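Data block below; observations after.
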Amino acid sequence: MITLPIIWYLIICLELALYVLLDGANLGVGIVSLFPQQESKRASMLTILGPIWNANETWLLVAAGTLFGAFPAVYSIGLNALYLPGVIILIGLILRAVSFEFHAFSVHKRPWSFAFGLGSLITAIGHGAALGGLLSGIAVVDGHFAGGPLSWATPLTGIIIVGVVASYLVLGYAYLIRRMAYENQHETFSRLLTTVGITFVALAIATLFLPVQNFLFFTRWVEPPSMYYLTAIAVGIVIASAFLLHAVIRHRHAERLYPLALIIFGLGFVGMLVGTYPYLMPPSITLFDAASPHNTLVFMLWGIGPILPIVLLYNIYLSRVFRSDAHEVRANAYDI
Amino acid sequence: MDVLTFSRIQFGDTAAFHILWPLMSIGLALYLAIMEGMWLYTKDESYYRQLRFWIKIFVLTFAIGVASGFPLSFQFGTNWAAFSNAAGSFFGNILGFETTIAFTLETASLGILLFGWKRVPRAVHFIANLFVLIGASLSGFWIVAANSWMQVPHGVAFVEGKFVVTDYLAAIFNPDTLVSFAHMWLACIVATMFLVAGISAAVLLTKNAADATRAFFLHSLRYALMLIIITTPVQMVVGDMFGGILEANQPAKLAAYELHWNTNPPGTGASLNLFAWPRADGGGNVFQISVPNLLSYIVVHTPDGEVKGLNDFPPLDRPSVVDAIITFLSFRVMVGLGVVMFFIAVWGIVLWRRGVLTLPAILSRRWFLRVLVAAIPAGFIATEAGWMVREIGRQPWVVYGMMRTTDALSSNLALPQVGTSLIGLSVIYAALAVAFVVFVVRIVRRGPDLTTPIP
Ligand code: HDD
Ligand code: HEM
Ligand code: HEM
């Protein structure tokens, strides 16, 4: 039966997925900008992201705000436990947020474009650390966090950090190819191939490691019905990846790369949800344990429910307004 | 020093830094909306030039506002997990409204405002500009509503260690909310317009500025002054409205504002301490300079109305002596600056009526211009002081009368963790503040672009 906590769970998952997929590509572009290249290319990367990064990043806040209201126990215990990953993400977001505008006004561009790339990399590492910490299992006793400051830092977390950074790079390259911002397509394709490889290896190891670290995941792979869903999703990922690899190796259908990458990571996200449902913090807190009282969930649904579709439409409008290639955007950038 | 103290310093430090930028973002968003509206209405290109120039500073304040906002949201979970867990069903709900209803509107519209010049019709651009203003103000509303509920927690019950909402309207629109929001929003306008006026005055004071540049900044100065003249008196009236609210809901805080220790006996008035210093152990003042009956007048509006003194509250339920001193001094700083800013506004009206706010007459009013430059920090300092009054004066409660700050803390935090984040954030903030000043000076030196064709 669909109950209010489940509705809120689905809403938050949707918000989080939007954040990871949209901002993941932006973060990937930021990391790409760290590699040696001409400064003008870096500038054009900042320029394509200029009008959209902030709106994309807002999905993180939206997801966090909704989580706080609907599942306060998870917001508080989760951040309590993941203090240091949280600080890492914060520092990354701060660096990235300010480097855009300071870059535009600066005389010496290099420090600010570097801050932008570094901020993106730090944020991605923080995401990996937080996800790794969450999946490794957070100790909770009597509704309070009961672990230590470094409980999140397990070997699994290390692998997940590599996997997250590599997946953002895949999204970033695919996005750049789509926006035709990268003149040297040849080089880009081969780098895309490398990062796809790293992503798969890291995620495969992580998948094998998960049941060792957190027993819950073992049962998910051997018990029906989650076992069937997970297998179906894995097959979907393999098929989409085959298409992606084919397009990359043949250098064809460049415009399809980004949607394909989105599909792959979208499926990966769904797989993670199937693997953890109904836990928000596996294996201790389920979404039912953590949910706010009934009247809060109803009130929030009245407040936020009608707004979300409007926000989505507005964001689609925004991305349509700015949907041309990098050269055109540059001509329009606010000339400072 | 313990984790609790560090966490309090960290929250105060990061909030005090964050508030500076929304102040300017909301204030400049209003200024930009007025300029764009006037441009569309009069078709006079000089408004367009205003828009394009001040938007550059807006972009910077917005970016730092976003960057410094994240650490605040995070801290509710990282450092104040017990509070967030207990209060989340209302407090988190309101922050959820802030992000979903306000931030999304603001950030999406911002893209159009900054980059949409040639891509959307002028009317759509203007609407995006208005949305940025509305989004920023709404986000201010929700955050102030959340804070007001911590100050005056109506509409909730405390059941088994958690707050449960019994009446949403009473909780959101508690007696404090609308007054606080009005006072906060006006503070944004006051502080920012003193910044705009001060920058403009600084340029007018330079010897070799071009005539066109002078005309441009005189234009800014006049609009800023107009808004200052409207808002500073209203701000004082709104501030005065807090008196009754505090008396009814936070009497210990009100007493701390005034270092008023003993309730005035019936038939006598409470006197207002202009200046005072408490005894180290509390309980009374070492010395005080006071005006008889004035406190009763201000709070109850009669010469001998009763005003509760700090001694009426058990020491554990009222602000400590140090908290009381900070509250008392901060309150005087805010009100003092409010009065000073009001007189500057009056001076502005006088000059305006004499027709001096024109070129070249204004250039000979060097003292007026110098005072405007000196007054740039006034609104910002008043705002910081106002928040110190509000937040330190409510101690030892995090949710007034219902939950103590000591019970709000996260579990198993280690001092090095909090120390690292506190130092790290402070260093980054200091660097951002310096970078901001450097860039604003550079933008102002370069001056407005008065020639590029209009899109
Ligand atoms: C430009 C800024 C500014 C100016 C000129 C004033 N204030 Fe203010 N004041 C603020 C900016 C501010 C603030 C920072 O925005 C606060 C903190 C919380 C809030 O809602 O507003 C505040 C809070 C605040 C409070 C505390 C409310 C509480 O504890 O819950 C009181 C009693 C006043 N103000 C009263 C006044 C009076 C009587 C003023 C007359 C001159 C005045 N303020 C000028
Ligand atoms: C932006 C302006 C603000 C400033 C300058 C400010 C300042 C402060 C200061 C100085 C403290 C430490 C008080 C002490 O422990 O003695 C504090 C604590 C706190 N404030 Fe604020 N505050 C601001 C806004 C807010 C808002 C809008 C909220 C809620 C939505 C809030 C929530 C809190 C919480 C939860 C604490 C920690 C608990 C406590 O120490 O009582 N603050 N703030
Ligand atoms: C009364 C005090 C506050 C006011 C008026 C205020 C207002 C604003 C405004 C207008 C913005 C938009 C960015 C900008 O224009 O600079 C903003 C950003 C932000 N604020 Fe505050 N804020 C206050 C205190 C707080 C507190 C206590 C929190 C913690 C929950 C917070 C969290 C945030 C966050 C996360 C952002 C970034 C959002 C974005 O991406 O646009 N703010 N704030």
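By order of appearance in the structure tokens: chains A, B, ..., then residues from 1 within every chain, and ligands from 1 in the order shown.
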
Enumerate as a ChimeraX atom specification the residues within 7 Å of ligand 3, counting only C-alpha atoms and all ligand atoms. /A:54,57-58,61 /B:15,18-19,21-23,25-26,61-70,72-73,95,103,106-107,136-137,139-140,143-144,184

Give the residues close to ligand 2, within 7 Å, counting only C-alpha atoms and all ligand atoms; write them as a PyMOL selection string. chain B and resi 8-9+11-13+15-16+18-19+76+80+143-144+146-147+323+384+387-388+391-392+395-398+405+408

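Across the model, the gap from atom CA of Leu67 of chain A to atom CA of Leu14 of chain A is 11.9 Å.
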
Return as JSON lines the residues of chain A lying at most 6 Å from chain B, together with the closest atom-to-atom pair for each and the distance in Å to one decimal, counting only C-alpha atoms, with rows in chain order and ascending residue number.
```
{"residue": "A:Pro51", "atom": "CA", "partner": "B:Gly111", "partner_atom": "CA", "distance": 4.5}
{"residue": "A:Ala55", "atom": "CA", "partner": "B:Thr107", "partner_atom": "CA", "distance": 5.1}
{"residue": "A:Val62", "atom": "CA", "partner": "B:Thr99", "partner_atom": "CA", "distance": 5.1}
{"residue": "A:Gly65", "atom": "CA", "partner": "B:Gly96", "partner_atom": "CA", "distance": 3.9}
{"residue": "A:Thr66", "atom": "CA", "partner": "B:Gly96", "partner_atom": "CA", "distance": 4.7}
{"residue": "A:Phe68", "atom": "CA", "partner": "B:Gly92", "partner_atom": "CA", "distance": 4.6}
{"residue": "A:Gly69", "atom": "CA", "partner": "B:Asn93", "partner_atom": "CA", "distance": 3.8}
{"residue": "A:Pro72", "atom": "CA", "partner": "B:Gly88", "partner_atom": "CA", "distance": 4.9}
{"residue": "A:Ala73", "atom": "CA", "partner": "B:Asn85", "partner_atom": "CA", "distance": 5.0}
{"residue": "A:Tyr75", "atom": "CA", "partner": "B:Gly77", "partner_atom": "CA", "distance": 6.0}
{"residue": "A:Ser76", "atom": "CA", "partner": "B:Gly77", "partner_atom": "CA", "distance": 4.2}
{"residue": "A:Leu79", "atom": "CA", "partner": "B:Thr78", "partner_atom": "CA", "distance": 4.7}
{"residue": "A:Asn80", "atom": "CA", "partner": "B:Thr78", "partner_atom": "CA", "distance": 4.2}
{"residue": "A:Tyr83", "atom": "CA", "partner": "B:Thr78", "partner_atom": "CA", "distance": 5.6}
{"residue": "A:Ile94", "atom": "CA", "partner": "B:Ala67", "partner_atom": "CA", "distance": 4.5}
{"residue": "A:Ala97", "atom": "CA", "partner": "B:Ala67", "partner_atom": "CA", "distance": 5.8}
{"residue": "A:Val98", "atom": "CA", "partner": "B:Ala63", "partner_atom": "CA", "distance": 5.4}
{"residue": "A:Ser292", "atom": "CA", "partner": "B:Ser89", "partner_atom": "CA", "distance": 5.3}
{"residue": "A:Ala333", "atom": "CA", "partner": "B:Phe115", "partner_atom": "CA", "distance": 5.9}
```

Write the residues you've just listed into a file as a PDB file, in the first residue's frame, and include N, CA and C atoms for each of them.
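Output file part_21.pdb follows:
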```
ATOM      1  N   PRO A  51      24.865  29.566 -16.620  1.00  0.00           N
ATOM      2  CA  PRO A  51      23.453  29.836 -16.335  1.00  0.00           C
ATOM      3  C   PRO A  51      22.740  28.698 -15.607  1.00  0.00           C
ATOM      4  N   ALA A  55      20.951  26.405 -10.522  1.00  0.00           N
ATOM      5  CA  ALA A  55      19.636  25.769 -10.456  1.00  0.00           C
ATOM      6  C   ALA A  55      19.800  24.265 -10.233  1.00  0.00           C
ATOM      7  N   VAL A  62      17.038  21.184  -2.044  1.00  0.00           N
ATOM      8  CA  VAL A  62      15.640  20.784  -2.006  1.00  0.00           C
ATOM      9  C   VAL A  62      15.525  19.402  -1.375  1.00  0.00           C
ATOM     10  N   GLY A  65      16.318  19.717   2.353  1.00  0.00           N
ATOM     11  CA  GLY A  65      15.238  20.373   3.091  1.00  0.00           C
ATOM     12  C   GLY A  65      14.050  19.444   3.270  1.00  0.00           C
ATOM     13  N   THR A  66      13.689  18.717   2.193  1.00  0.00           N
ATOM     14  CA  THR A  66      12.555  17.812   2.295  1.00  0.00           C
ATOM     15  C   THR A  66      12.878  16.662   3.244  1.00  0.00           C
ATOM     16  N   PHE A  68      14.864  16.741   5.776  1.00  0.00           N
ATOM     17  CA  PHE A  68      14.817  17.291   7.134  1.00  0.00           C
ATOM     18  C   PHE A  68      13.378  17.307   7.645  1.00  0.00           C
ATOM     19  N   GLY A  69      12.445  17.742   6.817  1.00  0.00           N
ATOM     20  CA  GLY A  69      11.057  17.838   7.254  1.00  0.00           C
ATOM     21  C   GLY A  69      10.380  16.484   7.364  1.00  0.00           C
ATOM     22  N   PRO A  72      13.219  13.616   9.822  1.00  0.00           N
ATOM     23  CA  PRO A  72      14.216  14.361  10.598  1.00  0.00           C
ATOM     24  C   PRO A  72      15.276  13.471  11.227  1.00  0.00           C
ATOM     25  N   ALA A  73      14.892  12.244  11.604  1.00  0.00           N
ATOM     26  CA  ALA A  73      15.876  11.384  12.274  1.00  0.00           C
ATOM     27  C   ALA A  73      17.039  11.082  11.334  1.00  0.00           C
ATOM     28  N   TYR A  75      18.030  12.954   8.731  1.00  0.00           N
ATOM     29  CA  TYR A  75      18.814  14.179   8.518  1.00  0.00           C
ATOM     30  C   TYR A  75      19.770  14.390   9.674  1.00  0.00           C
ATOM     31  N   SER A  76      19.237  14.267  10.894  1.00  0.00           N
ATOM     32  CA  SER A  76      20.094  14.600  12.036  1.00  0.00           C
ATOM     33  C   SER A  76      21.118  13.506  12.313  1.00  0.00           C
ATOM     34  N   LEU A  79      23.766  13.300   9.316  1.00  0.00           N
ATOM     35  CA  LEU A  79      24.795  14.337   9.280  1.00  0.00           C
ATOM     36  C   LEU A  79      25.679  14.287  10.521  1.00  0.00           C
ATOM     37  N   ASN A  80      25.078  13.920  11.641  1.00  0.00           N
ATOM     38  CA  ASN A  80      25.870  13.740  12.858  1.00  0.00           C
ATOM     39  C   ASN A  80      26.985  12.718  12.588  1.00  0.00           C
ATOM     40  N   TYR A  83      29.850  13.769   9.721  1.00  0.00           N
ATOM     41  CA  TYR A  83      30.324  15.145   9.925  1.00  0.00           C
ATOM     42  C   TYR A  83      31.433  15.501   8.936  1.00  0.00           C
ATOM     43  N   ILE A  94      31.525  25.452  -1.582  1.00  0.00           N
ATOM     44  CA  ILE A  94      31.861  26.863  -1.392  1.00  0.00           C
ATOM     45  C   ILE A  94      32.849  27.299  -2.477  1.00  0.00           C
ATOM     46  N   ALA A  97      31.086  27.492  -5.829  1.00  0.00           N
ATOM     47  CA  ALA A  97      30.078  28.548  -5.959  1.00  0.00           C
ATOM     48  C   ALA A  97      30.729  29.903  -6.210  1.00  0.00           C
ATOM     49  N   VAL A  98      31.802  30.191  -5.475  1.00  0.00           N
ATOM     50  CA  VAL A  98      32.347  31.541  -5.636  1.00  0.00           C
ATOM     51  C   VAL A  98      33.258  31.653  -6.850  1.00  0.00           C
ATOM     52  N   SER A 292       8.279  11.724   9.925  1.00  0.00           N
ATOM     53  CA  SER A 292       7.622  12.696  10.794  1.00  0.00           C
ATOM     54  C   SER A 292       6.194  12.257  11.062  1.00  0.00           C
ATOM     55  N   ALA A 333      27.532  35.791 -22.872  1.00  0.00           N
ATOM     56  CA  ALA A 333      27.831  35.817 -21.447  1.00  0.00           C
ATOM     57  C   ALA A 333      27.846  37.245 -20.958  1.00  0.00           C
TER      58      ALA A 333
END
```

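Minimum atom-to-atom distance to Leu176 of chain A, evaluated using only C-alpha atoms, belongs to A:Leu192 out of A:Ile249, A:Leu10, A:Ala17, A:Leu192.
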
Within 7 Å of ligand 1 (counting only C-alpha atoms and all ligand atoms), which residues show up? I'd like them as a VMD selection string. chain B and resid 144 151 180 to 181 183 to 184 187 to 188 190 to 191 232 235 to 236 239 to 240 242 to 243 246 334 to 339 379 to 380 382 to 387 389 to 390 393

Got time to write the residues from that selection, N, CA and C atoms, as a compact mmCIF listing (two decimals), in the first residue's frame?
```
# COMPACT_ATOMS: atom_id res chain seq x y z
N VAL B 144 13.10 33.21 8.67
CA VAL B 144 12.73 33.99 9.86
C VAL B 144 11.56 33.32 10.58
N GLN B 151 11.86 31.16 18.90
CA GLN B 151 11.75 32.21 19.90
C GLN B 151 10.41 32.13 20.63
N SER B 180 9.17 40.23 12.94
CA SER B 180 10.58 39.91 12.67
C SER B 180 10.87 39.96 11.18
N PHE B 181 9.97 39.41 10.40
CA PHE B 181 10.24 39.41 8.96
C PHE B 181 10.28 40.84 8.43
N HIS B 183 10.99 43.53 10.05
CA HIS B 183 12.19 44.19 10.55
C HIS B 183 13.43 43.72 9.78
N MET B 184 13.49 42.43 9.52
CA MET B 184 14.62 41.85 8.79
C MET B 184 14.66 42.36 7.35
N ALA B 187 15.74 45.81 7.22
CA ALA B 187 17.17 45.90 7.47
C ALA B 187 17.96 45.66 6.18
N CYS B 188 17.47 44.74 5.35
CA CYS B 188 18.14 44.49 4.06
C CYS B 188 18.18 45.76 3.22
N VAL B 190 17.71 48.96 4.21
CA VAL B 190 18.48 50.03 4.84
C VAL B 190 19.98 49.80 4.63
N ALA B 191 20.44 48.61 5.00
CA ALA B 191 21.88 48.35 4.93
C ALA B 191 22.39 48.48 3.50
N THR B 232 14.17 54.08 6.93
CA THR B 232 14.73 54.21 8.28
C THR B 232 13.68 54.55 9.34
N GLN B 235 11.59 51.48 10.01
CA GLN B 235 12.35 50.46 10.73
C GLN B 235 12.29 50.70 12.24
N MET B 236 12.35 51.97 12.66
CA MET B 236 12.29 52.25 14.09
C MET B 236 10.93 51.90 14.66
N GLY B 239 10.72 48.16 14.93
CA GLY B 239 11.56 47.71 16.05
C GLY B 239 10.85 47.90 17.38
N ASP B 240 10.14 49.01 17.50
CA ASP B 240 9.43 49.30 18.74
C ASP B 240 8.34 48.26 19.02
N PHE B 242 8.52 45.20 18.82
CA PHE B 242 9.03 44.03 19.53
C PHE B 242 8.76 44.12 21.03
N GLY B 243 8.71 45.34 21.57
CA GLY B 243 8.58 45.52 23.02
C GLY B 243 7.46 44.68 23.60
N LEU B 246 7.92 40.83 23.23
CA LEU B 246 8.89 40.26 24.16
C LEU B 246 8.32 40.20 25.55
N MET B 334 22.57 48.62 18.13
CA MET B 334 21.56 48.63 17.05
C MET B 334 20.71 49.89 17.10
N VAL B 335 20.16 50.18 18.27
CA VAL B 335 19.25 51.32 18.34
C VAL B 335 20.03 52.61 18.07
N GLY B 336 21.26 52.71 18.63
CA GLY B 336 22.06 53.90 18.38
C GLY B 336 22.29 54.11 16.90
N LEU B 337 22.70 53.05 16.21
CA LEU B 337 22.95 53.20 14.78
C LEU B 337 21.66 53.51 14.03
N GLY B 338 20.54 52.91 14.49
CA GLY B 338 19.26 53.21 13.84
C GLY B 338 18.95 54.70 13.92
N VAL B 339 19.20 55.29 15.08
CA VAL B 339 18.94 56.72 15.23
C VAL B 339 19.88 57.53 14.35
N GLY B 379 24.54 49.90 8.64
CA GLY B 379 23.42 48.98 8.56
C GLY B 379 23.84 47.54 8.83
N PHE B 380 25.04 47.20 8.36
CA PHE B 380 25.52 45.83 8.57
C PHE B 380 25.79 45.59 10.05
N ALA B 382 24.45 47.19 12.55
CA ALA B 382 23.17 47.16 13.27
C ALA B 382 22.50 45.80 13.13
N THR B 383 22.57 45.22 11.93
CA THR B 383 21.95 43.91 11.72
C THR B 383 22.62 42.84 12.56
N GLU B 384 23.94 42.83 12.54
CA GLU B 384 24.65 41.83 13.35
C GLU B 384 24.28 42.01 14.81
N ALA B 385 24.26 43.25 15.26
CA ALA B 385 23.94 43.51 16.66
C ALA B 385 22.53 43.02 16.97
N GLY B 386 21.59 43.29 16.07
CA GLY B 386 20.21 42.86 16.28
C GLY B 386 20.10 41.35 16.44
N TRP B 387 20.86 40.63 15.62
CA TRP B 387 20.80 39.17 15.74
C TRP B 387 21.44 38.68 17.01
N VAL B 389 21.44 40.27 19.84
CA VAL B 389 20.41 40.51 20.85
C VAL B 389 19.42 39.36 20.87
N ARG B 390 18.97 39.01 19.69
CA ARG B 390 17.89 38.03 19.57
C ARG B 390 18.35 36.64 19.98
N GLY B 393 20.16 36.67 23.65
CA GLY B 393 19.18 36.99 24.67
C GLY B 393 18.22 35.85 24.97
```

For segment 263-279 of chain A, work out the shell of residues within 9 Å, counting only C-alpha atoms and skipping chain neighbours fewer than 5 positions away, then give it as number ranges by chain. A: 6, 13, 17, 21, 135, 167, 171, 216-217, 220-221, 226-227, 229-230, 233-234, 236-238, 240-241, 258, 284-288

Keeping only C-alpha atoms, write the selected residues to a file as a PDB file, in the first residue's frame.
```
ATOM      1  CA  ILE A   6       6.493   6.056   0.914  1.00  0.00           C
ATOM      2  CA  CYS A  13      14.601   9.928  -4.259  1.00  0.00           C
ATOM      3  CA  ALA A  17      18.340  11.574  -8.585  1.00  0.00           C
ATOM      4  CA  LEU A  21      22.413  13.345 -12.606  1.00  0.00           C
ATOM      5  CA  LEU A 135      26.243   2.106   2.827  1.00  0.00           C
ATOM      6  CA  SER A 167      31.000   8.261 -12.937  1.00  0.00           C
ATOM      7  CA  LEU A 171      28.719  12.233 -17.286  1.00  0.00           C
ATOM      8  CA  LEU A 216      21.786  -6.561   4.449  1.00  0.00           C
ATOM      9  CA  PHE A 217      23.052  -6.420   0.891  1.00  0.00           C
ATOM     10  CA  ARG A 220      19.111  -8.631  -1.235  1.00  0.00           C
ATOM     11  CA  TRP A 221      21.066 -10.535  -3.854  1.00  0.00           C
ATOM     12  CA  SER A 226      14.618  -8.061  -4.773  1.00  0.00           C
ATOM     13  CA  MET A 227      16.937 -10.591  -6.415  1.00  0.00           C
ATOM     14  CA  TYR A 229      14.615  -6.746  -9.743  1.00  0.00           C
ATOM     15  CA  LEU A 230      18.317  -6.349  -9.168  1.00  0.00           C
ATOM     16  CA  ILE A 233      18.425  -3.723 -13.550  1.00  0.00           C
ATOM     17  CA  ALA A 234      21.885  -5.202 -13.975  1.00  0.00           C
ATOM     18  CA  GLY A 236      19.531  -3.099 -18.329  1.00  0.00           C
ATOM     19  CA  ILE A 237      22.794  -1.492 -17.326  1.00  0.00           C
ATOM     20  CA  VAL A 238      24.777  -3.968 -19.397  1.00  0.00           C
ATOM     21  CA  ALA A 240      22.820   0.445 -22.174  1.00  0.00           C
ATOM     22  CA  SER A 241      26.547   0.214 -21.584  1.00  0.00           C
ATOM     23  CA  TYR A 258      24.791  11.897 -22.710  1.00  0.00           C
ATOM     24  CA  SER A 284      19.336   0.382  11.289  1.00  0.00           C
ATOM     25  CA  ILE A 285      16.684   2.923  10.287  1.00  0.00           C
ATOM     26  CA  THR A 286      13.827   2.395   7.885  1.00  0.00           C
ATOM     27  CA  LEU A 287      11.797   5.134   6.324  1.00  0.00           C
ATOM     28  CA  PHE A 288       8.905   4.188   8.576  1.00  0.00           C
TER      29      PHE A 288
END
```

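Here atom CA of Thr219 of chain A and atom CA of Pro283 of chain A stand 11.6 Å from one another.
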
note - atom CA of Ile230 of chain B and atom CA of Val203 of chain B are separated by 24.0 Å

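Of the listed residues B:Arg365, B:Leu294, B:Ala324, B:Glu160, the one whose atoms come nearest to Ala280 of chain B is B:Ala324, with distances taken using only C-alpha atoms.
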
9 Å contact set for Phe194 of chain B, only C-alpha atoms, chain neighbours under 3 positions out, as a PyMOL selection string: chain B and resi 189-191+197-199+224-225+228+341+372-373+375-379

Generate the output file for the selected residues, N, CA, C and O atoms, as a PDB file, in the first residue's frame.
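Final output, result_2.pdb:
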```pdb
ATOM      1  N   ILE B 189      17.046  46.442   3.163  1.00  0.00           N
ATOM      2  CA  ILE B 189      16.965  47.630   2.313  1.00  0.00           C
ATOM      3  C   ILE B 189      17.840  48.736   2.907  1.00  0.00           C
ATOM      4  O   ILE B 189      18.633  49.375   2.188  1.00  0.00           O
ATOM      5  N   VAL B 190      17.708  48.960   4.205  1.00  0.00           N
ATOM      6  CA  VAL B 190      18.477  50.028   4.838  1.00  0.00           C
ATOM      7  C   VAL B 190      19.976  49.798   4.626  1.00  0.00           C
ATOM      8  O   VAL B 190      20.702  50.657   4.117  1.00  0.00           O
ATOM      9  N   ALA B 191      20.438  48.607   4.998  1.00  0.00           N
ATOM     10  CA  ALA B 191      21.881  48.350   4.934  1.00  0.00           C
ATOM     11  C   ALA B 191      22.387  48.479   3.500  1.00  0.00           C
ATOM     12  O   ALA B 191      23.425  49.110   3.243  1.00  0.00           O
ATOM     13  N   ALA B 197      24.597  54.145  -1.515  1.00  0.00           N
ATOM     14  CA  ALA B 197      24.809  55.584  -1.366  1.00  0.00           C
ATOM     15  C   ALA B 197      26.271  55.872  -1.043  1.00  0.00           C
ATOM     16  O   ALA B 197      26.863  56.817  -1.588  1.00  0.00           O
ATOM     17  N   GLY B 198      26.870  55.046  -0.184  1.00  0.00           N
ATOM     18  CA  GLY B 198      28.255  55.279   0.209  1.00  0.00           C
ATOM     19  C   GLY B 198      29.214  55.109  -0.961  1.00  0.00           C
ATOM     20  O   GLY B 198      30.127  55.921  -1.159  1.00  0.00           O
ATOM     21  N   ILE B 199      29.004  54.051  -1.742  1.00  0.00           N
ATOM     22  CA  ILE B 199      29.870  53.848  -2.910  1.00  0.00           C
ATOM     23  C   ILE B 199      29.722  55.025  -3.864  1.00  0.00           C
ATOM     24  O   ILE B 199      30.708  55.576  -4.374  1.00  0.00           O
ATOM     25  N   ALA B 224      19.009  55.662  -3.907  1.00  0.00           N
ATOM     26  CA  ALA B 224      19.323  55.040  -2.620  1.00  0.00           C
ATOM     27  C   ALA B 224      18.800  55.910  -1.486  1.00  0.00           C
ATOM     28  O   ALA B 224      18.170  55.412  -0.546  1.00  0.00           O
ATOM     29  N   LEU B 225      19.022  57.205  -1.592  1.00  0.00           N
ATOM     30  CA  LEU B 225      18.556  58.115  -0.540  1.00  0.00           C
ATOM     31  C   LEU B 225      17.046  58.059  -0.396  1.00  0.00           C
ATOM     32  O   LEU B 225      16.510  58.066   0.712  1.00  0.00           O
ATOM     33  N   ILE B 228      16.242  55.114   1.532  1.00  0.00           N
ATOM     34  CA  ILE B 228      16.679  55.279   2.923  1.00  0.00           C
ATOM     35  C   ILE B 228      15.680  56.136   3.688  1.00  0.00           C
ATOM     36  O   ILE B 228      15.293  55.826   4.820  1.00  0.00           O
ATOM     37  N   MET B 341      21.329  56.656  11.584  1.00  0.00           N
ATOM     38  CA  MET B 341      20.949  56.517  10.176  1.00  0.00           C
ATOM     39  C   MET B 341      19.704  57.346   9.870  1.00  0.00           C
ATOM     40  O   MET B 341      19.576  57.921   8.789  1.00  0.00           O
ATOM     41  N   LEU B 372      28.282  59.897   4.289  1.00  0.00           N
ATOM     42  CA  LEU B 372      27.688  58.732   3.623  1.00  0.00           C
ATOM     43  C   LEU B 372      28.715  57.623   3.458  1.00  0.00           C
ATOM     44  O   LEU B 372      28.416  56.439   3.651  1.00  0.00           O
ATOM     45  N   VAL B 373      29.947  57.982   3.089  1.00  0.00           N
ATOM     46  CA  VAL B 373      30.980  56.958   2.950  1.00  0.00           C
ATOM     47  C   VAL B 373      31.224  56.291   4.302  1.00  0.00           C
ATOM     48  O   VAL B 373      31.277  55.060   4.407  1.00  0.00           O
ATOM     49  N   ALA B 375      29.241  55.931   6.644  1.00  0.00           N
ATOM     50  CA  ALA B 375      28.078  55.182   7.138  1.00  0.00           C
ATOM     51  C   ALA B 375      27.893  53.844   6.427  1.00  0.00           C
ATOM     52  O   ALA B 375      26.950  53.121   6.731  1.00  0.00           O
ATOM     53  N   ILE B 376      28.791  53.499   5.496  1.00  0.00           N
ATOM     54  CA  ILE B 376      28.603  52.225   4.777  1.00  0.00           C
ATOM     55  C   ILE B 376      28.419  51.054   5.741  1.00  0.00           C
ATOM     56  O   ILE B 376      27.497  50.251   5.574  1.00  0.00           O
ATOM     57  N   PRO B 377      29.268  50.898   6.776  1.00  0.00           N
ATOM     58  CA  PRO B 377      29.088  49.703   7.622  1.00  0.00           C
ATOM     59  C   PRO B 377      27.890  49.777   8.562  1.00  0.00           C
ATOM     60  O   PRO B 377      27.517  48.746   9.140  1.00  0.00           O
ATOM     61  N   ALA B 378      27.278  50.950   8.733  1.00  0.00           N
ATOM     62  CA  ALA B 378      26.298  51.125   9.815  1.00  0.00           C
ATOM     63  C   ALA B 378      25.185  50.076   9.781  1.00  0.00           C
ATOM     64  O   ALA B 378      24.907  49.420  10.790  1.00  0.00           O
ATOM     65  N   GLY B 379      24.543  49.896   8.637  1.00  0.00           N
ATOM     66  CA  GLY B 379      23.418  48.978   8.556  1.00  0.00           C
ATOM     67  C   GLY B 379      23.842  47.543   8.826  1.00  0.00           C
ATOM     68  O   GLY B 379      23.111  46.765   9.448  1.00  0.00           O
TER      69      GLY B 379
END
```
